[in-house]
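*Asks:* Here you go, this is data-v1.cif (mmCIF, C-alpha atoms).
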```
data_start
loop_
_atom_site.label_atom_id
_atom_site.label_comp_id
_atom_site.auth_asym_id
_atom_site.auth_seq_id
_atom_site.Cartn_x
_atom_site.Cartn_y
_atom_site.Cartn_z
CA MET A 42 0.00 0.00 0.00
CA LEU A 43 1.41 3.31 -1.05
CA VAL A 44 0.47 5.07 2.15
CA GLY A 45 2.26 2.39 4.17
CA ILE A 46 5.43 2.76 2.16
CA GLU A 47 5.48 6.49 2.57
CA LEU A 48 4.92 6.19 6.27
CA ASN A 49 7.75 3.72 6.63
CA ASN A 50 10.14 5.89 4.70
CA GLN A 51 9.34 8.88 6.78
CA GLN A 52 9.45 7.14 10.11
CA PRO A 53 13.12 7.84 10.97
CA GLN A 54 12.61 11.51 10.09
CA VAL A 55 9.51 11.72 12.23
CA ASP A 56 11.44 10.16 15.12
CA ILE A 57 14.25 12.68 14.77
CA SER A 58 11.77 15.49 14.54
CA ASN A 59 9.96 14.35 17.71
CA GLU A 60 13.26 14.05 19.52
CA MET A 61 14.19 17.59 18.44
CA VAL A 62 10.83 18.88 19.66
CA ARG A 63 11.52 17.39 23.10
CA CYS A 64 14.99 18.94 23.11
CA LEU A 65 13.64 22.39 22.25
CA GLN A 66 11.02 22.08 24.98
CA ARG A 67 13.66 21.14 27.56
CA VAL A 68 15.85 24.06 26.50
CA ALA A 69 12.86 26.36 26.78
CA SER A 70 11.65 25.11 30.13
CA ARG A 71 14.87 24.52 32.01
CA ARG A 72 17.76 25.60 29.84
CA CYS A 73 18.85 21.98 29.47
CA GLN A 74 22.42 22.03 28.11
CA ALA A 75 22.46 18.36 27.11
CA SER A 76 19.34 18.86 25.00
CA PHE A 77 20.82 21.91 23.37
CA SER A 78 23.99 19.99 22.65
CA LYS A 79 21.91 17.39 20.75
CA LEU A 80 20.21 20.10 18.71
CA PHE A 81 23.56 21.70 18.09
CA HIS A 82 25.24 18.54 16.82
CA HIS A 83 22.32 17.70 14.58
CA PHE A 84 21.87 21.11 13.03
CA ALA A 85 25.32 22.74 12.95
CA PRO A 86 26.63 20.71 9.94
CA ARG A 87 23.35 21.20 8.07
CA LEU A 88 23.34 24.91 8.72
CA ARG A 89 26.97 25.13 7.69
CA SER A 90 26.21 23.53 4.33
CA TYR A 91 23.36 26.02 3.76
CA ALA A 92 25.47 28.94 4.99
CA LEU A 93 28.45 28.14 2.76
CA LYS A 94 26.20 28.21 -0.31
CA GLN A 95 24.51 31.41 0.76
CA MET A 96 27.48 33.41 2.01
CA GLY A 97 30.23 32.00 -0.22
CA ASN A 98 32.85 32.50 2.48
CA ASP A 99 33.69 30.30 5.44
CA ALA A 100 34.04 33.04 8.05
CA LEU A 101 30.62 34.52 7.21
CA ALA A 102 29.13 31.05 6.99
CA MET A 103 30.35 30.22 10.49
CA GLU A 104 28.96 33.51 11.75
CA LEU A 105 25.57 32.61 10.26
CA VAL A 106 25.68 29.13 11.88
CA GLN A 107 26.66 30.51 15.28
CA GLU A 108 24.15 33.35 15.20
CA THR A 109 21.35 30.95 14.22
CA LEU A 110 22.12 28.44 16.95
CA THR A 111 22.56 31.21 19.53
CA ASN A 112 19.00 32.25 18.76
CA VAL A 113 17.84 28.66 19.15
CA TRP A 114 19.47 28.57 22.60
CA GLN A 115 18.10 31.93 23.69
CA LYS A 116 14.66 31.80 22.17
CA ALA A 117 13.62 28.16 22.26
CA HIS A 118 10.42 29.27 24.03
CA LEU A 119 9.26 30.87 20.77
CA PHE A 120 9.17 27.52 18.98
CA ASP A 121 5.58 26.45 18.46
CA THR A 122 4.94 22.80 17.54
CA GLU A 123 1.68 23.78 15.90
CA LYS A 124 3.44 25.93 13.36
CA GLY A 125 5.81 23.28 12.03
CA ALA A 126 8.82 21.06 12.56
CA PRO A 127 11.94 22.13 14.53
CA SER A 128 14.01 21.94 11.33
CA THR A 129 11.66 24.39 9.60
CA TRP A 130 11.78 26.77 12.54
CA ILE A 131 15.58 26.66 12.55
CA PHE A 132 15.73 27.12 8.78
CA THR A 133 13.57 30.23 9.02
CA ILE A 134 15.84 31.66 11.73
CA ALA A 135 18.85 31.07 9.47
CA ARG A 136 17.04 32.69 6.53
CA ASN A 137 16.28 35.77 8.67
CA ILE A 138 19.84 36.08 9.91
CA ARG A 139 21.17 35.66 6.38
CA PHE A 140 18.90 38.52 5.25
CA ASP A 141 20.16 40.86 7.97
CA MET A 142 23.80 39.85 7.48
CA LEU A 143 23.62 40.55 3.75
CA ARG A 144 21.95 43.87 4.46
CA LYS A 145 24.85 44.94 6.68
CA GLN A 146 27.45 43.50 4.38
CA GLN A 147 26.12 45.33 1.34
CA HIS A 148 25.67 48.55 3.34
CA ARG A 149 22.15 48.77 2.05
CA LYS A 150 20.61 51.91 3.39
CA GLU A 151 17.12 50.53 3.79
CA ASP A 152 15.72 50.08 7.15
CA ILE A 153 13.67 46.94 6.56
CA CYS A 154 14.86 44.09 8.76
CA ALA A 155 14.09 40.39 8.75
CA ASP A 156 11.93 40.64 11.88
CA ASP A 157 9.51 42.89 9.98
CA LEU A 158 9.24 40.45 7.11
CA TRP A 159 9.09 37.12 8.94
CA PRO A 160 7.89 37.06 12.54
CA VAL A 161 9.95 34.01 13.50
CA LEU A 162 11.65 35.52 16.52
CA CYS A 163 9.06 38.05 17.63
CA GLU A 164 7.67 37.73 21.10
CA GLN A 165 3.94 37.17 20.88
CA THR A 166 2.03 40.36 21.52
CA ALA A 167 0.82 40.55 25.08
CA ASP A 168 -2.73 40.60 23.80
CA ALA A 169 -2.85 37.21 22.13
CA ALA A 170 -6.54 37.77 21.69
CA GLN A 171 -5.87 40.25 18.89
CA PRO A 172 -8.28 39.27 16.14
CA GLU A 173 -6.79 37.99 12.94
CA LEU A 174 -7.04 40.33 10.04
CA ASP A 175 -7.47 37.52 7.57
CA HIS A 176 -11.15 37.35 8.02
CA GLN A 177 -13.09 40.45 7.28
CA VAL A 178 -16.42 39.99 8.94
CA THR A 179 -19.31 42.34 9.07
CA LEU A 180 -20.47 43.68 12.41
CA GLU A 181 -23.74 41.93 11.82
CA GLN A 182 -22.04 38.53 11.52
CA VAL A 183 -20.02 39.14 14.64
CA GLY A 184 -23.21 40.15 16.44
CA GLN A 185 -24.88 36.87 15.49
CA LEU A 186 -21.90 34.78 16.52
CA PHE A 187 -21.61 36.70 19.75
CA GLU A 188 -25.23 35.91 20.58
CA ALA A 189 -24.46 32.23 20.10
CA LEU A 190 -21.85 32.22 22.90
CA PRO A 191 -22.68 30.74 26.31
CA ASP A 192 -23.92 33.43 28.71
CA LYS A 193 -20.87 33.42 30.98
CA GLN A 194 -18.50 33.87 28.06
CA LYS A 195 -20.71 36.52 26.53
CA GLN A 196 -20.63 38.52 29.75
CA VAL A 197 -16.83 38.53 29.84
CA ILE A 198 -16.40 39.33 26.15
CA GLU A 199 -18.91 42.15 26.35
CA ALA A 200 -17.15 43.74 29.33
CA ILE A 201 -13.72 43.51 27.71
CA TYR A 202 -14.38 44.17 24.06
CA ILE A 203 -17.44 46.39 24.16
CA GLN A 204 -17.09 48.25 27.43
CA GLY A 205 -13.29 48.23 27.18
CA LYS A 206 -12.63 46.99 30.71
CA SER A 207 -9.43 45.26 31.68
CA GLN A 208 -9.49 41.59 32.66
CA GLN A 209 -8.69 42.58 36.25
CA GLU A 210 -11.63 45.00 36.34
CA VAL A 211 -13.95 42.33 34.97
CA ALA A 212 -12.76 39.88 37.61
CA GLU A 213 -13.50 42.40 40.36
CA ALA A 214 -16.85 43.44 38.92
CA LEU A 215 -18.06 39.84 38.59
CA GLY A 216 -16.39 38.65 41.76
CA ILE A 217 -14.57 35.80 40.02
CA PRO A 218 -10.85 34.96 39.92
CA LEU A 219 -8.72 36.61 37.23
CA GLY A 220 -7.75 33.16 35.93
CA THR A 221 -11.40 32.39 35.25
CA VAL A 222 -11.82 35.63 33.32
CA LYS A 223 -8.76 34.75 31.26
CA SER A 224 -9.91 31.23 30.51
CA ARG A 225 -13.44 32.36 29.62
CA THR A 226 -12.02 34.99 27.29
CA ARG A 227 -9.76 32.46 25.67
CA LEU A 228 -12.53 29.90 25.27
CA ALA A 229 -14.91 32.48 23.85
CA LEU A 230 -12.39 33.76 21.31
CA GLN A 231 -11.50 30.23 20.36
CA ARG A 232 -15.16 29.48 19.86
CA LEU A 233 -15.71 32.60 17.76
CA LYS A 234 -12.73 31.65 15.66
CA GLU A 235 -14.11 28.15 15.11
CA MET A 236 -17.50 29.52 14.18
CA LEU A 237 -15.87 31.92 11.73
CA SER A 238 -13.85 29.23 10.04
CA ASP A 239 -16.95 27.05 9.81
CA GLU A 240 -18.52 29.77 7.73
CA ASP A 241 -15.89 29.54 5.01
CA MET B 208 -15.76 37.96 2.48
CA LYS B 209 -12.52 36.36 1.49
CA ILE B 210 -9.37 37.90 0.11
CA LYS B 211 -9.34 37.27 -3.64
CA LEU B 212 -6.01 38.58 -4.87
CA HIS B 213 -2.77 37.07 -3.62
CA PRO B 214 0.93 37.06 -4.54
CA THR B 215 1.85 34.42 -7.14
CA ASP B 216 3.51 31.11 -6.20
CA GLN B 217 6.70 32.37 -7.75
CA GLN B 218 6.64 35.52 -5.61
CA LEU B 219 5.99 33.54 -2.43
CA VAL B 220 8.74 30.99 -3.10
CA LEU B 221 11.27 33.79 -3.52
CA PHE B 222 9.82 35.64 -0.53
CA ALA B 223 10.14 32.55 1.68
CA GLN B 224 13.82 32.31 0.74
CA GLY B 225 14.50 35.99 1.34
CA LEU B 226 15.31 36.59 -2.32
CA ILE B 227 12.88 39.42 -3.07
CA ALA B 228 13.86 43.11 -2.79
CA PRO B 229 13.13 44.46 0.71
CA ALA B 230 10.28 46.88 -0.10
CA GLN B 231 8.51 44.28 -2.23
CA SER B 232 9.07 41.74 0.55
CA LEU B 233 7.54 44.14 3.04
CA ILE B 234 4.27 44.53 1.15
CA ILE B 235 4.08 40.77 0.56
CA SER B 236 4.68 40.23 4.27
CA ALA B 237 1.88 42.69 5.11
CA HIS B 238 -0.47 40.75 2.85
CA VAL B 239 0.55 37.48 4.50
CA ASP B 240 -0.20 39.02 7.92
CA MET B 241 -3.73 39.71 6.72
CA CYS B 242 -4.31 36.47 4.81
CA ALA B 243 -4.69 33.08 6.52
CA ALA B 244 -4.51 31.29 3.16
CA CYS B 245 -1.10 32.80 2.35
CA GLN B 246 0.15 32.11 5.89
CA LYS B 247 -0.51 28.44 5.13
CA ARG B 248 1.13 28.70 1.73
CA VAL B 249 4.25 30.28 3.22
CA ALA B 250 4.43 27.71 6.03
CA GLY B 251 4.21 24.92 3.43
CA LEU B 252 6.91 26.50 1.30
CA GLU B 253 9.17 26.98 4.30
CA ALA B 254 8.82 23.30 5.19
CA ALA B 255 9.62 22.30 1.59
CA LEU B 256 12.59 24.67 1.44
CA THR B 257 13.90 23.22 4.69
CA GLU B 258 13.90 19.73 3.16
CA GLN B 259 15.78 21.09 0.20
CA LEU B 260 18.21 23.51 1.82
CA LEU B 261 18.98 21.89 5.18
CA ASN B 262 19.41 18.46 3.69
CA GLU B 263 23.13 18.33 3.10
CA GLN B 264 25.76 18.42 5.78
CA SER B 265 29.13 20.03 5.95
CA ALA B 266 30.97 18.88 9.07
CA LEU B 267 32.70 21.43 11.27
CA PRO B 268 36.17 20.76 12.66
CA ASP B 269 35.81 19.33 16.20
CA MET B 270 37.66 22.18 17.84
CA GLN B 271 35.51 24.82 16.22
CA MET B 272 32.39 22.88 17.04
CA GLN B 273 33.30 22.65 20.71
CA ASN B 274 34.26 26.32 20.95
CA MET B 275 31.05 27.44 19.31
CA LEU B 276 28.93 25.29 21.60
CA THR B 277 30.72 26.65 24.69
CA GLU B 278 30.28 30.24 23.55
CA ILE B 279 26.60 29.77 22.86
CA LEU B 280 25.91 28.12 26.20
CA ALA B 281 27.68 31.02 27.91
CA SER B 282 25.61 33.64 26.09
CA PRO B 283 23.04 35.51 28.15
CA VAL B 284 19.38 34.77 27.66
CA ALA B 285 17.75 37.60 25.81
CA VAL B 286 14.60 39.10 27.17
CA ALA B 287 12.59 40.83 24.49
CA LEU B 288 9.43 42.72 25.17
CA PRO B 289 6.55 42.56 22.74
CA ALA B 290 6.21 45.72 20.70
CA GLU B 291 3.39 48.08 21.49
CA THR B 292 0.61 48.28 18.94
CA GLN B 293 0.96 51.32 16.71
CA TYR B 294 -1.84 52.91 14.76
CA LEU B 295 -1.73 55.03 11.67
CA GLU B 296 -3.59 58.27 12.26
CA LEU B 297 -5.25 60.52 9.72
CA ASP B 298 -7.68 63.27 10.43
CA GLY B 299 -8.72 61.88 13.80
CA ARG B 300 -9.15 58.34 12.46
CA GLN B 301 -7.02 55.45 13.61
CA PHE B 302 -6.16 52.56 11.35
CA ALA B 303 -4.87 49.25 12.66
CA LEU B 304 -1.92 48.05 10.60
CA PRO B 305 -0.69 44.54 9.84
CA ARG B 306 2.16 43.48 12.13
CA SER B 307 4.86 43.94 9.51
CA LEU B 308 3.91 47.58 8.88
CA GLN B 309 3.52 48.59 12.51
CA ARG B 310 7.04 49.88 12.87
CA TYR B 311 6.46 52.22 9.95
CA ALA B 312 3.40 54.00 11.30
CA GLY B 313 5.77 56.32 13.12
CA LYS B 314 8.05 56.73 10.13
CA ILE B 315 5.80 58.67 7.80
CA SER B 316 6.77 62.17 6.90
CA GLY B 317 3.24 63.47 7.58
CA TRP B 318 0.13 63.33 5.43
CA SER B 319 -0.05 65.58 2.41
CA HIS B 320 -3.26 66.45 0.64
CA MET B 321 -3.03 65.76 -3.06
CA VAL B 322 -5.37 66.27 -5.98
CA GLY B 323 -9.02 65.55 -5.32
CA LYS B 324 -9.81 63.67 -2.20
CA LEU B 325 -6.48 61.94 -1.87
CA TRP B 326 -4.05 61.92 0.98
CA GLN B 327 -0.60 60.51 0.87
CA ALA B 328 2.04 59.74 3.48
CA ARG B 329 5.43 58.69 2.28
CA VAL B 330 7.22 56.05 4.29
CA ASP B 331 10.95 56.46 4.44
CA LEU B 332 12.30 52.98 3.87
CA GLY B 333 15.58 54.14 2.40
CA ILE B 334 14.76 52.30 -0.82
CA ASP B 335 15.30 53.41 -4.41
CA GLY B 336 11.64 53.43 -5.31
CA ARG B 337 9.01 54.69 -3.00
CA ALA B 338 6.49 53.44 -0.49
CA ASP B 339 3.36 55.30 0.58
CA PHE B 340 0.22 55.00 2.56
CA ILE B 341 -2.53 56.46 0.36
CA TYR B 342 -5.98 57.29 1.62
CA MET B 343 -8.86 57.96 -0.75
CA GLU B 344 -11.90 59.65 0.71
CA LYS B 345 -15.29 58.62 -0.61
CA GLY B 346 -15.49 59.80 -4.22
CA GLY B 347 -11.71 60.23 -4.38
CA THR B 348 -9.98 59.35 -7.66
CA VAL B 349 -6.40 58.96 -8.78
CA PRO B 350 -6.14 60.28 -12.35
CA GLU B 351 -5.83 57.58 -15.01
CA HIS B 352 -2.26 56.34 -15.20
CA THR B 353 0.00 53.54 -16.23
CA HIS B 354 3.32 52.43 -14.77
CA ARG B 355 6.88 52.54 -15.99
CA GLY B 356 7.95 49.96 -13.49
CA SER B 357 5.80 47.90 -11.21
CA GLU B 358 3.34 49.00 -8.60
CA LEU B 359 2.31 46.72 -5.75
CA THR B 360 -0.75 47.75 -3.78
CA LEU B 361 -2.24 46.23 -0.66
CA VAL B 362 -5.70 47.27 0.49
CA LEU B 363 -5.41 47.86 4.23
CA ASP B 364 -8.88 49.13 4.95
CA GLY B 365 -12.00 49.70 2.84
CA GLU B 366 -12.35 48.97 -0.85
CA PHE B 367 -11.79 50.57 -4.24
CA SER B 368 -12.30 50.01 -7.97
CA ASP B 369 -10.12 51.02 -10.89
CA GLY B 370 -12.11 50.35 -14.03
CA VAL B 371 -10.45 46.92 -14.28
CA GLY B 372 -11.52 45.29 -11.06
CA HIS B 373 -12.89 45.78 -7.59
CA TYR B 374 -10.56 45.33 -4.64
CA ASP B 375 -11.35 44.67 -1.04
CA THR B 376 -9.44 44.69 2.23
CA GLY B 377 -6.43 42.37 2.08
CA ASP B 378 -6.26 42.18 -1.72
CA PHE B 379 -2.75 42.25 -3.19
CA ILE B 380 -2.57 43.96 -6.59
CA ARG B 381 0.33 44.04 -9.01
CA CYS B 382 0.34 46.55 -11.90
CA ASP B 383 2.96 47.22 -14.54
CA SER B 384 3.20 48.99 -17.90
CA HIS B 385 0.48 46.74 -19.33
CA HIS B 386 -2.08 48.17 -16.95
CA THR B 387 -3.77 51.52 -17.26
CA HIS B 388 -6.21 52.29 -14.48
CA THR B 389 -8.13 54.95 -12.59
CA PRO B 390 -8.43 53.98 -8.94
CA LYS B 391 -11.44 55.41 -7.14
CA THR B 392 -13.51 54.62 -4.12
CA GLU B 393 -17.21 54.95 -3.44
CA ALA B 394 -16.96 53.32 -0.03
CA GLU B 395 -18.45 55.39 2.77
CA GLU B 396 -15.40 54.90 4.96
CA GLY B 397 -12.96 55.59 2.13
CA CYS B 398 -10.01 53.36 1.42
CA LEU B 399 -6.50 53.07 2.82
CA VAL B 400 -3.84 51.31 0.79
CA PHE B 401 -0.11 50.70 1.07
CA SER B 402 1.74 51.02 -2.19
CA VAL B 403 5.27 50.24 -3.30
CA LEU B 404 6.53 51.69 -6.58
CA ASP B 405 9.86 51.17 -8.25
CA LYS B 406 9.40 53.81 -11.01
CA PRO B 407 7.24 56.95 -11.41
CA LEU B 408 3.64 56.64 -12.57
CA HIS B 409 2.72 57.86 -16.02
CA PHE B 410 -0.58 59.71 -16.31
CA THR B 411 -2.45 58.97 -19.49
CA SER B 412 -5.56 61.09 -19.83
CA GLY B 413 -6.78 64.66 -20.00
CA LEU B 414 -5.38 67.36 -17.84
CA ALA B 415 -3.68 64.81 -15.67
CA ARG B 416 -1.12 64.37 -18.43
CA LEU B 417 0.17 67.73 -17.33
CA LEU B 418 1.16 66.01 -14.13
CA ASN B 419 3.67 63.77 -15.85
CA PRO B 420 6.60 66.16 -15.72
CA PHE B 421 5.91 66.50 -12.03
CA SER B 422 4.83 62.98 -11.28
CA HIS B 423 8.04 62.31 -9.43
CA LEU B 424 6.95 65.01 -6.98
CA PHE B 425 3.55 63.50 -6.42
CA PHE B 426 3.52 59.84 -6.92
CA LYS B 427 6.95 59.07 -8.22
#
```
Would you mind writing the structure in this file as structure tokens?

*Replies:*
Amino acid sequence: MLVGIELNNQQPQVDISNEMVRCLQRVASRRCQASFSKLFHHFAPRLRSYALKQMGNDALAMELVQETLTNVWQKAHLFDTEKGAPSTWIFTIARNIRFDMLRKQQHRKEDICADDLWPVLCEQTADAAQPELDHQVTLEQVGQLFEALPDKQKQVIEAIYIQGKSQQEVAEALGIPLGTVKSRTRLALQRLKEMLSDED
Amino acid sequence: MKIKLHPTDQQLVLFAQGLIAPAQSLIISAHVDMCAACQKRVAGLEAALTEQLLNEQSALPDMQMQNMLTEILASPVAVALPAETQYLELDGRQFALPRSLQRYAGKISGWSHMVGKLWQARVDLGIDGRADFIYMEKGGTVPEHTHRGSELTLVLDGEFSDGVGHYDTGDFIRCDSHHTHTPKTEAEEGCLVFSVLDKPLHFTSGLARLLNPFSHLFFK
């Protein structure tokens, strides 16, 4: 069966990828040096091969490798399994660093940096509830979806998004813990998002 | 309503590798911020590029490897704070911008009122061409023109038509010397676009042709 063959061929890669995910998580949660060392030994030669082709010079290539892996060490918490494999995340970091290195090297005067173009290493905005711009919805639609929310969620969303209160204020006004306000908000937004994607 | 106009596959493949000129990359990135479909396309391309570009290995000498690892482990952990949300302001109105353009809201050299009901704010990107936020009030029209180079336009808010098509928020439009158009908006809330030009526009009809000698001053 074709599917079976493909699965078998990919199995070692999947295993490596899962192992790398665990390493990144251990680096993120407790700065585990042994886990980082594994990531380092796996990726350094691969990054070097990419970097040599891109930079055409060993010193610059090594700088690109080191800079990329330094970011992996320092920012492992920004890796998100839902967005893709560890190798893809690390490739995109290398691509960003390459872009900024070439910019400096060529003394380009433009101000546009890799972080603007590809948000690989940007801290998530504090307000993770920021609505996505991809879906332009009419107020009417939002109104209908809002009405469909459970009462408790509706109450919280209304206070925050319509009356403009902070989560702390809502917690005090309703006499419930801040954590509950946060989880209700998150659940409600998640639900709205699901309802919106169902409409596609 | 869904976004209808997107960058081509070719553009996105080059974008995902970092091989497109910075200003053009910026407007593509802004579109991707607004478009879930293109976010998926880019993520897919990045995964495919990883397979292709991180496939081969080139071993490092042991000494160098060990030194690099030691240096990295000794490096301090960076603490970055999320950027504050910036809005673009015009005439008391605030426009939310896609993530990639946020940093540029504060880098405009002020809004200038142009012909008709048009407002323009140049963004200093230090590029050879030019990048602008352009706001058309309801009934506002850009005189008919064509392009010597290429013009990329992203609709940030509202909608407009140009005699060729109708464009809505999030649409990504590419025009070159084959296109002659007259952008205008009838939307109540007007229309805000971000535009990147590599060469001056060329006005093609009526009195507006008189603008050509000066088009570098206006629209470049």

*Asks:* When distances are computed from all atoms listed in the file, which of B:His320, B:Arg329, B:Arg310, B:Arg300 shows the smallest separation from chain A?

*Replies:*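 Closest to chain A, using all atoms listed in the file: B:Arg310.
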
*Asks:* Could you write out as a short mmCIF file (atom, residue, chain, number, x, y, z; two decimals) with C-alpha atoms, keeping the file's coordinate frame the residues of chain B within 7 Å of chain A, counting all atoms listed in the file?

*Replies:*
```
data_model
loop_
_atom_site.label_atom_id
_atom_site.label_comp_id
_atom_site.auth_asym_id
_atom_site.auth_seq_id
_atom_site.Cartn_x
_atom_site.Cartn_y
_atom_site.Cartn_z
CA MET B 208 -15.76 37.96 2.48
CA LYS B 209 -12.52 36.36 1.49
CA GLN B 224 13.82 32.31 0.74
CA GLY B 225 14.50 35.99 1.34
CA PRO B 229 13.13 44.46 0.71
CA SER B 232 9.07 41.74 0.55
CA LEU B 233 7.54 44.14 3.04
CA SER B 236 4.68 40.23 4.27
CA MET B 241 -3.73 39.71 6.72
CA CYS B 242 -4.31 36.47 4.81
CA ALA B 243 -4.69 33.08 6.52
CA GLU B 253 9.17 26.98 4.30
CA ALA B 254 8.82 23.30 5.19
CA THR B 257 13.90 23.22 4.69
CA LEU B 260 18.21 23.51 1.82
CA LEU B 261 18.98 21.89 5.18
CA ASN B 262 19.41 18.46 3.69
CA GLU B 263 23.13 18.33 3.10
CA GLN B 264 25.76 18.42 5.78
CA SER B 265 29.13 20.03 5.95
CA ALA B 266 30.97 18.88 9.07
CA LEU B 267 32.70 21.43 11.27
CA MET B 275 31.05 27.44 19.31
CA ILE B 279 26.60 29.77 22.86
CA VAL B 284 19.38 34.77 27.66
CA ALA B 285 17.75 37.60 25.81
CA ALA B 287 12.59 40.83 24.49
CA LEU B 288 9.43 42.72 25.17
CA PRO B 289 6.55 42.56 22.74
CA ALA B 290 6.21 45.72 20.70
CA SER B 307 4.86 43.94 9.51
CA LEU B 332 12.30 52.98 3.87
CA GLY B 333 15.58 54.14 2.40
CA ILE B 334 14.76 52.30 -0.82
#
```

*Asks:* Can you turn the PyMOL selection byres ((chain A and resi 215-230) around 8) into a concrete residue list for this file, as a list in words?

*Replies:*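 Applied to this file, the PyMOL selection byres ((chain A and resi 215-230) around 8) selects Ala170, Leu190, Lys193, Gln194, Lys195, Val197, Ile198, Gln208, Gln209, Val211, Ala212, Glu213, Ala214, Gln231, Arg232, Leu233 and Lys234 of chain A.
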
*Asks:* Would you compute the distance between atom CA of B:Asp405 and atom CA of B:Thr360? Give it in Å to one decimal.

*Replies:*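 Taking atom CA of B:Asp405 and atom CA of B:Thr360, their separation equals 12.0 Å.
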
*Asks:* To one decimal place in Å, what is the distance between atom CA of B:Glu393 and atom CA of B:Lys345?

*Replies:*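 Straight-line distance from atom CA of B:Glu393 to atom CA of B:Lys345 works out to 5.0 Å.
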
*Asks:* Can you list what the PyMOL selection byres ((chain B and resi 231) around 12) grabs from this structure, as a ChimeraX atom specification?

*Replies:* /A:153,158 /B:214,218-219,221-222,225-230,232-238,332,334-338,357-361,379-381,401-405

*Asks:* How far is it from atom CA of A:Gln54 to atom CA of A:Ala102, in Å with one decimal?

*Replies:*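 One can read the atom CA of A:Gln54 to atom CA of A:Ala102 distance as 25.8 Å.
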
*Asks:* Evaluate the PyMOL selection byres ((chain B and resi 385) around 12) on the structure here and hand back the selected residues as a ChimeraX atom specification.

*Replies:* /B:352-358,381-384,386-388,409

*Asks:* Might you pull out every residue within 6 Å of B:Leu399, with all atoms listed in the file counted and same-chain residues fewer than 3 positions away left off, and present them as a PyMOL selection string?

*Replies:* chain B and resi 341-342+363-364

*Asks:* Report the centre and edge lengths, in Å to one decimal, of an axis-aligned box enclosing every atom of stretch 264-279 of chain B listed in the file, padded by 3 Å on each side, as AutoDock Vina command-line options.

*Replies:*
```
--center_x 31.7 --center_y 24.3 --center_z 15.2 --size_x 17.9 --size_y 17.8 --size_z 24.9
```

*Asks:* Rank nothing, just name the residue among A:Asp56, A:Glu235, A:Phe120, A:Ala135 nearest to A:Leu186, using only C-alpha atoms.

*Replies:*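 Of A:Asp56, A:Glu235, A:Phe120, A:Ala135, the one nearest A:Leu186, counting only C-alpha atoms, is A:Glu235.
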